[in-house]
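Shown next, in structure tokens, is the structure this report addresses.
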Amino acid sequence: MLLLVAPALSLPATLLPTLTTAASVRDLPAAEATKEYPVHIRGVITYVNVANGELFVQDRTAGIFVFVRNSRYSGPLEWGKQVEVIGVTAPGDFSSSITNAEIAIGGAGAMPRPLRPAADRLLTGAEDSQWGELKGVVRSGRENSGVLSLNVVAAGGGFLVLMKDYPSNWSSWLVDARVTLDGVLAAAFNEHRQAVGVRMFVPAVEFIHIDDPAPASPFDLPLASAVSVGSFRADTDESRRIRVRGTVTAVVSPSLVYLSDGDGNLPVELDRPGSAEPGDRMDMVGFPSQVDGRPGLKNAISRLIARGDGVQTQRVTASEILAPQDQNAGSGLNIAAGTRYDLKLVAVEGTLVQKSEGPHARTITLTSLDRIFIATIPESAQKFVDELGIGSQLRLTGVCLVNFDEYHQAQSFRLLIRRTNDLAVLSSPPFLTLGHALWIIGFMVLSVIAATTWISVLRHQVAGRTEELRQANERLGRVAIEDSLTGAANRRRFDQMLAAEVSRAGRTRTPVSLVMIDIDRFKALNDRYGHQGGDQCLVRVVAAIRQAAGRAEDVVARYGGEEFAVILPNAGDEAAMNRAEKIRRAVEALGIPNAGAPDGHDVTVSVGVGTLWPGSTYSADNLVGFADRALYQAKQNGRNRVISWGAVAVEMSSTEPGSGEACV
């Protein structure tokens, strides 16, 4: 039994009851916890890291978090020690906690019996601060400021394990081992006190049980084929690492490479940045998983086998990559057909129609019969591309990346060019224009009257060439007003359409709205997955925006970088807000991972809405300014939200009377 004389507490005028169990503190709503109820509990320390301000105590009723930095204690704080805690309640960062405590430390105590919560309850955060048991496979780990963080995957999802005391050989001992862990269950939460994941604080190695050890040497695992990843096998166990040997076809970023073993192709997400080069023969050991919607390996480690081996290039046409659907085939087979060339190293011919300088990469747009496709150019090849003339016939060799819509139907593709040698000029821009052809025909008529058959052939060729030129002009017209990456209207087209819609709204005295959309923490995504991953994110986000916008008259445009805009003619503030919220949800539902972001959330967008009403000044600049300031406020308020200029203006007028603009 601990003996502690309670200090005199400064209580409010209205005397509050003393809470004597951890459960009674946890049950307090945040608003009640701010009243600083007096607390007096006895329990055992289940986890402590004073340097990080972490202290968990559990009594016979529940576990509770104690703000150790705001408290005083009679001796060293260690897990397993009995303590008596006298303090006051606080709302805590997630659940109600104890602060300003006097902590008396006693002898060794018994650790609680662990809970074994169901996965659905665990994800709600309902077991926050409780001593529990979890099982899973350790995928990776990081050491940071004296704390080991382990990424563990279980049947109900992944969770993060944090340890202050851990062995130096943790990587070989734990990674790819199936383990049972005892520790303090804790919610991972956002700034709105919402649970977004699961953490576990494990006080020492004594609370780790190895159920199935990791292989002694990961690179001695039996070889698996690339096509086996994600393939149907009734007895498969994809929770453990596998080894795939193949040739690197492309390096997207230091942490993301593409691998081919001849039969199949895989994206590989490395646990640590590597130094692989295209053509390298590598062993990749990683966990089967989805990487950007494709079967691949995550948390992989690599070993170089040989330098410079080549990969067989497949000659295909753009029409073969985006083959039309077979109406007699099932939907699954149609989806499979769209992935036939995805991630493969292919050679495709096309006509150069546009060169673009994007915010993150240089791209060129090409046509091949009725298909338009894009190629991403590395910095080493940009000078070569600068010297190419529009209309050049090219053969491009690169990794084919197919873009899919939300129903996983192939919509477009791009080539990831690796070096200058991947670009071959088949012919310069053609000399034979329509005018030249007619001149040649006239000369032939005057010179060779008898060659009527040959003249007929030439006329037929001219007619065909005329039709080709007409189609090319149509495609070039689309290119001039479309963003080459996403297919949305480009900035020039946006400015034209906005001016026209604002002018029309002014004449007809109808409302017009503008929705500004910015992808949250896009730089972190680019840094984590490379420019290729960023480009694929932009394409998928625009597809979601188009789907959510709905009306044919709504204009979806790329405003710049990762920022987009939607012009909503004849739409008032309420309709625009509903449309904007639908867009926000559609992007969130894509589930695009952004592990590089500080909170590790999937990709989200912040949205600002501006509206011009009859009676206001119909100005395109005003409308852009309203939506832009609302977007800025959405970012400031925590991202992943929709805010209208009307709400911003009301707040401005309430906080600074006379200084805000009128909401229009």
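Lettering and numbering for the structure tokens are positional, with chains as A, B, ... in the shown order, residues counted from 1 in each chain, and ligands counted from 1 in the shown order.
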> Got a sec: who's within 8 Å of region 177-179 of chain A, counting only C-alpha atoms, leaving out chain neighbours fewer than 3 positions off, as a list in words?
Replying inline: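 Answer for this query is Lys135, Gly136, Val137, Val138, Trp173, Leu174, Ile208, His209, Ile210, Asp211, Asp212, Pro213, Ala214 and Pro215 of chain A.
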Selected residues written out with C-alpha atoms, as a PDB file, in the first residue's frame:
ATOM      1  CA  LYS A 135      -0.812  -9.943 -33.077  1.00  0.00           C
ATOM      2  CA  GLY A 136       0.726  -9.290 -36.460  1.00  0.00           C
ATOM      3  CA  VAL A 137       3.750  -9.377 -38.750  1.00  0.00           C
ATOM      4  CA  VAL A 138       6.470  -6.734 -38.372  1.00  0.00           C
ATOM      5  CA  TRP A 173      15.135 -10.234 -34.972  1.00  0.00           C
ATOM      6  CA  LEU A 174      11.772  -8.612 -35.630  1.00  0.00           C
ATOM      7  CA  ILE A 208       7.244  -9.327 -27.314  1.00  0.00           C
ATOM      8  CA  HIS A 209       6.612 -13.002 -28.080  1.00  0.00           C
ATOM      9  CA  ILE A 210       7.893 -14.423 -31.372  1.00  0.00           C
ATOM     10  CA  ASP A 211       5.206 -16.750 -32.767  1.00  0.00           C
ATOM     11  CA  ASP A 212       7.026 -17.409 -36.040  1.00  0.00           C
ATOM     12  CA  PRO A 213      10.594 -16.086 -36.378  1.00  0.00           C
ATOM     13  CA  ALA A 214      11.915 -14.081 -39.298  1.00  0.00           C
ATOM     14  CA  PRO A 215      14.128 -15.931 -41.812  1.00  0.00           C
TER      15      PRO A 215
END
>> as JSON, numbers by chain, please: the residues near region 363-377 of chain A (cut-off 9 Å, only C-alpha atoms, same-chain neighbours under 4 positions excluded).
In response: {"A": [317, 318, 319, 322, 348, 349, 350, 351, 352, 353, 354, 355, 356, 357, 358, 381, 382, 385, 394, 396, 398, 412, 413, 414, 415, 416, 417, 418, 419, 420, 468, 471, 472, 475, 479, 484, 485, 532]}
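Here CA of Val399 (chain A) stands at a distance of 5.6 Å from CA of Leu343 (chain A).
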> Of the candidates A:Val566, A:Leu270, A:Leu514, A:Ala552, which one gets nearest to Phe626 (chain A) if we count only C-alpha atoms?
Replying inline: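 The shortest atom-to-atom distance to Phe626 (chain A) comes from A:Leu514.
Here the DSSP assignment of strand (DSSP E), based on backbone atoms, applies within region 460-626 of chain A to Val512, Ser513, Leu514, Val515, Met516, Ile517, Asp518, Ile519, Val555, Val556, Ala557, Arg558, Tyr559, Gly560, Glu563, Phe564, Ala565, Val566, Ile567, Leu568, Pro569, Val605, Ser606, Val607, Gly608, Val609, Gly610, Thr611 and Leu612 of chain A.
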Go ahead and save the residues from that selection, with N, CA and C atoms, as a PDB file, in the first residue's frame.
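Resulting contents of out27.pdb:
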ATOM      1  N   VAL A 512     -23.277  33.030 -60.668  1.00  0.00           N
ATOM      2  CA  VAL A 512     -22.222  32.170 -61.188  1.00  0.00           C
ATOM      3  C   VAL A 512     -21.245  31.917 -60.044  1.00  0.00           C
ATOM      4  N   SER A 513     -20.772  30.672 -59.937  1.00  0.00           N
ATOM      5  CA  SER A 513     -19.887  30.292 -58.828  1.00  0.00           C
ATOM      6  C   SER A 513     -18.589  29.714 -59.364  1.00  0.00           C
ATOM      7  N   LEU A 514     -17.574  29.806 -58.523  1.00  0.00           N
ATOM      8  CA  LEU A 514     -16.264  29.251 -58.845  1.00  0.00           C
ATOM      9  C   LEU A 514     -15.783  28.418 -57.661  1.00  0.00           C
ATOM     10  N   VAL A 515     -15.350  27.193 -57.939  1.00  0.00           N
ATOM     11  CA  VAL A 515     -14.818  26.284 -56.927  1.00  0.00           C
ATOM     12  C   VAL A 515     -13.316  26.137 -57.161  1.00  0.00           C
ATOM     13  N   MET A 516     -12.503  26.494 -56.176  1.00  0.00           N
ATOM     14  CA  MET A 516     -11.044  26.343 -56.245  1.00  0.00           C
ATOM     15  C   MET A 516     -10.638  25.152 -55.378  1.00  0.00           C
ATOM     16  N   ILE A 517      -9.807  24.271 -55.919  1.00  0.00           N
ATOM     17  CA  ILE A 517      -9.459  23.007 -55.265  1.00  0.00           C
ATOM     18  C   ILE A 517      -7.942  22.887 -55.221  1.00  0.00           C
ATOM     19  N   ASP A 518      -7.409  22.566 -54.053  1.00  0.00           N
ATOM     20  CA  ASP A 518      -5.964  22.378 -53.904  1.00  0.00           C
ATOM     21  C   ASP A 518      -5.706  21.042 -53.208  1.00  0.00           C
ATOM     22  N   ILE A 519      -4.799  20.240 -53.771  1.00  0.00           N
ATOM     23  CA  ILE A 519      -4.472  18.939 -53.177  1.00  0.00           C
ATOM     24  C   ILE A 519      -3.614  19.162 -51.942  1.00  0.00           C
ATOM     25  N   VAL A 555     -17.207  23.686 -66.123  1.00  0.00           N
ATOM     26  CA  VAL A 555     -15.875  23.662 -66.731  1.00  0.00           C
ATOM     27  C   VAL A 555     -14.854  23.280 -65.663  1.00  0.00           C
ATOM     28  N   VAL A 556     -14.148  22.141 -65.871  1.00  0.00           N
ATOM     29  CA  VAL A 556     -13.091  21.692 -64.967  1.00  0.00           C
ATOM     30  C   VAL A 556     -11.751  22.079 -65.582  1.00  0.00           C
ATOM     31  N   ALA A 557     -10.931  22.822 -64.829  1.00  0.00           N
ATOM     32  CA  ALA A 557      -9.673  23.345 -65.365  1.00  0.00           C
ATOM     33  C   ALA A 557      -8.537  23.119 -64.377  1.00  0.00           C
ATOM     34  N   ARG A 558      -7.337  22.985 -64.936  1.00  0.00           N
ATOM     35  CA  ARG A 558      -6.129  22.950 -64.104  1.00  0.00           C
ATOM     36  C   ARG A 558      -5.645  24.391 -63.958  1.00  0.00           C
ATOM     37  N   TYR A 559      -5.740  24.913 -62.745  1.00  0.00           N
ATOM     38  CA  TYR A 559      -5.418  26.309 -62.508  1.00  0.00           C
ATOM     39  C   TYR A 559      -3.913  26.512 -62.422  1.00  0.00           C
ATOM     40  N   GLY A 560      -3.190  25.506 -61.938  1.00  0.00           N
ATOM     41  CA  GLY A 560      -1.736  25.602 -61.834  1.00  0.00           C
ATOM     42  C   GLY A 560      -1.216  24.582 -60.839  1.00  0.00           C
ATOM     43  N   GLU A 563      -3.384  22.674 -58.231  1.00  0.00           N
ATOM     44  CA  GLU A 563      -4.587  23.450 -57.946  1.00  0.00           C
ATOM     45  C   GLU A 563      -5.517  23.406 -59.157  1.00  0.00           C
ATOM     46  N   PHE A 564      -6.811  23.177 -58.898  1.00  0.00           N
ATOM     47  CA  PHE A 564      -7.799  23.050 -59.961  1.00  0.00           C
ATOM     48  C   PHE A 564      -8.981  23.976 -59.681  1.00  0.00           C
ATOM     49  N   ALA A 565      -9.778  24.223 -60.718  1.00  0.00           N
ATOM     50  CA  ALA A 565     -10.928  25.117 -60.583  1.00  0.00           C
ATOM     51  C   ALA A 565     -12.098  24.533 -61.368  1.00  0.00           C
ATOM     52  N   VAL A 566     -13.310  24.771 -60.863  1.00  0.00           N
ATOM     53  CA  VAL A 566     -14.531  24.360 -61.557  1.00  0.00           C
ATOM     54  C   VAL A 566     -15.447  25.579 -61.661  1.00  0.00           C
ATOM     55  N   ILE A 567     -15.802  25.967 -62.891  1.00  0.00           N
ATOM     56  CA  ILE A 567     -16.733  27.079 -63.132  1.00  0.00           C
ATOM     57  C   ILE A 567     -18.138  26.503 -63.153  1.00  0.00           C
ATOM     58  N   LEU A 568     -19.024  27.063 -62.323  1.00  0.00           N
ATOM     59  CA  LEU A 568     -20.398  26.570 -62.208  1.00  0.00           C
ATOM     60  C   LEU A 568     -21.360  27.663 -62.666  1.00  0.00           C
ATOM     61  N   PRO A 569     -21.746  27.681 -63.946  1.00  0.00           N
ATOM     62  CA  PRO A 569     -22.708  28.682 -64.416  1.00  0.00           C
ATOM     63  C   PRO A 569     -24.072  28.483 -63.767  1.00  0.00           C
ATOM     64  N   VAL A 605      -8.352  16.990 -50.406  1.00  0.00           N
ATOM     65  CA  VAL A 605      -8.300  18.323 -51.020  1.00  0.00           C
ATOM     66  C   VAL A 605      -8.962  19.341 -50.105  1.00  0.00           C
ATOM     67  N   SER A 606      -8.470  20.567 -50.195  1.00  0.00           N
ATOM     68  CA  SER A 606      -9.121  21.709 -49.569  1.00  0.00           C
ATOM     69  C   SER A 606      -9.829  22.497 -50.667  1.00  0.00           C
ATOM     70  N   VAL A 607     -11.034  23.004 -50.356  1.00  0.00           N
ATOM     71  CA  VAL A 607     -11.884  23.595 -51.387  1.00  0.00           C
ATOM     72  C   VAL A 607     -12.407  24.953 -50.923  1.00  0.00           C
ATOM     73  N   GLY A 608     -12.314  25.949 -51.797  1.00  0.00           N
ATOM     74  CA  GLY A 608     -12.882  27.265 -51.550  1.00  0.00           C
ATOM     75  C   GLY A 608     -13.927  27.585 -52.599  1.00  0.00           C
ATOM     76  N   VAL A 609     -15.038  28.217 -52.186  1.00  0.00           N
ATOM     77  CA  VAL A 609     -16.159  28.515 -53.082  1.00  0.00           C
ATOM     78  C   VAL A 609     -16.438  30.009 -53.061  1.00  0.00           C
ATOM     79  N   GLY A 610     -16.529  30.612 -54.245  1.00  0.00           N
ATOM     80  CA  GLY A 610     -16.925  32.005 -54.383  1.00  0.00           C
ATOM     81  C   GLY A 610     -18.126  32.110 -55.301  1.00  0.00           C
ATOM     82  N   THR A 611     -19.008  33.084 -55.054  1.00  0.00           N
ATOM     83  CA  THR A 611     -20.235  33.247 -55.842  1.00  0.00           C
ATOM     84  C   THR A 611     -20.476  34.722 -56.130  1.00  0.00           C
ATOM     85  N   LEU A 612     -20.913  35.011 -57.370  1.00  0.00           N
ATOM     86  CA  LEU A 612     -21.376  36.343 -57.748  1.00  0.00           C
ATOM     87  C   LEU A 612     -22.893  36.278 -57.903  1.00  0.00           C
TER      88      LEU A 612
END
> Can you list, as a list in words, every protein, DNA or RNA residue that comes within 6 Å of region 297-301 of chain A when you count only C-alpha atoms, leaving out same-chain residues fewer than 5 positions away?
Replying inline: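 Non-adjacent residues within range: Val268, Glu269, Leu270, Asp271, Met284, Val285, Gly286, Phe287, Pro288 and Ser289 of chain A.
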Please write the residues from the selection above to a file, keeping C-alpha atoms, as an mmCIF file, in the first residue's frame.
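Okay, part_24.cif is ready:
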data_model
loop_
_atom_site.group_PDB
_atom_site.id
_atom_site.type_symbol
_atom_site.label_atom_id
_atom_site.label_comp_id
_atom_site.auth_asym_id
_atom_site.auth_seq_id
_atom_site.Cartn_x
_atom_site.Cartn_y
_atom_site.Cartn_z
ATOM 1 C CA VAL A 268 8.713 -1.993 -55.718
ATOM 2 C CA GLU A 269 8.566 0.492 -52.838
ATOM 3 C CA LEU A 270 11.901 0.359 -51.014
ATOM 4 C CA ASP A 271 12.084 0.631 -47.252
ATOM 5 C CA MET A 284 14.057 -7.581 -54.081
ATOM 6 C CA VAL A 285 12.737 -8.908 -50.769
ATOM 7 C CA GLY A 286 9.485 -7.293 -49.667
ATOM 8 C CA PHE A 287 5.882 -7.736 -48.604
ATOM 9 C CA PRO A 288 3.257 -8.388 -51.311
ATOM 10 C CA SER A 289 0.921 -5.408 -51.363
#
>> Taking 3 positions as the minimum chain separation for residues in the same chain, which residues sit within 6 Å of Gly125 (chain A) when counting only C-alpha atoms? Answer as an MDAnalysis selection string.
In response: chainID A and resid 122 128 187 195
Go ahead and save the residues from that selection, with N, CA and C atoms, as a PDB file, in the first residue's frame.
ATOM      1  N   LEU A 122     -11.163  -1.621 -31.846  1.00  0.00           N
ATOM      2  CA  LEU A 122      -9.830  -1.041 -31.698  1.00  0.00           C
ATOM      3  C   LEU A 122      -9.683   0.206 -32.558  1.00  0.00           C
ATOM      4  N   ASP A 128      -8.383   3.337 -25.936  1.00  0.00           N
ATOM      5  CA  ASP A 128      -7.234   4.222 -25.722  1.00  0.00           C
ATOM      6  C   ASP A 128      -6.746   4.144 -24.278  1.00  0.00           C
ATOM      7  N   ALA A 187      -4.836   5.492 -29.451  1.00  0.00           N
ATOM      8  CA  ALA A 187      -5.337   5.933 -30.749  1.00  0.00           C
ATOM      9  C   ALA A 187      -4.320   6.847 -31.420  1.00  0.00           C
ATOM     10  N   ALA A 195     -10.143   9.543 -34.160  1.00  0.00           N
ATOM     11  CA  ALA A 195      -9.234   8.410 -34.305  1.00  0.00           C
ATOM     12  C   ALA A 195      -8.987   8.124 -35.781  1.00  0.00           C
TER      13      ALA A 195
END
>> Considering only C-alpha atoms, can you say which of A:Ala306, A:Leu498, A:Val227, A:Ala548 comes closest to Glu588 (chain A)?
In response: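 That would be A:Ala548, the residue with the smallest distance to Glu588 (chain A).
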